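Some notes on the structure that comes next.
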Amino acid sequence: MYLSSLNCRPMTFSGNCTLHIFSAVVKYQIMEVRFGDKSLDRLETDPKYDGGFAQAIVTAFRKRMQIIRAAPDERTFYALKSLRFEKLKGKRSHQCSMKLNDQWRLIVELQGQTPNKVVLVVGIEDYH
């Protein structure tokens, strides 16, 4: 997050009371999003496409994509405990997952370094 400007304007009310109002313009870099599969890109953008998933999974996927697109870095995912964002282990230690519902998880890879980090959306997997 970058603080681009900070302004302070005093406002005087009747009597001897002065209130200082601070306003700040904050700009931050968001992560670039890429898809490992074109059908996932379509699933996010095409309202009529379900990719063979139940509507609840499609809705959850689209909500997660909104969160991903708004996040400056992966700390946002860890802070939102309901996502249950976690790094995978073993042969998949380069990947992370976040919860879509009790059964399905969104698999992503974080590439690069902040502020040029990229989220590669790999897939939707059934964890049961």
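Letters A, B, ... mark the chains of the structure tokens in the order given; residue numbers begin at 1 per chain; ligand numbers begin at 1, in order shown.
Excluding Phe77 of chain A and any residue on its chain fewer than 5 positions from it, the residues at most 10 Å away by only C-alpha atoms are Arg64, Ile67, Ile68, Ala71, Pro72, Ser82, Leu83, Arg84, Phe85, Glu86 and Met98 of chain A.
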Item to check | Residue contacts of Val108 of chain A (12 Å, only C-alpha atoms) excluding same-chain residues fewer than 4 positions away, as number ranges by chain | outcome: A: 33-37, 40, 64-65, 68, 74, 77, 85-88, 92-99, 118-125
Checklist entry - Separation of atom CA of Lys38 of chain A and atom CA of Tyr127 of chain A, in Å? => result 22.0 Å
Item to check | Residue with smallest distance to Ala56 of chain A - pool A:Thr114, A:Asn101, A:Ser39, A:Gln29, counting only C-alpha atoms | outcome: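 Of all the options, A:Asn101 lies closest to Ala56 of chain A.
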Checklist entry - How many Å lie between atom CA of Lys48 of chain A and atom CA of Ala60 of chain A, rounded to one decimal? => result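 About the pair atom CA of Lys48 of chain A and atom CA of Ala60 of chain A: they are 15.1 Å apart.
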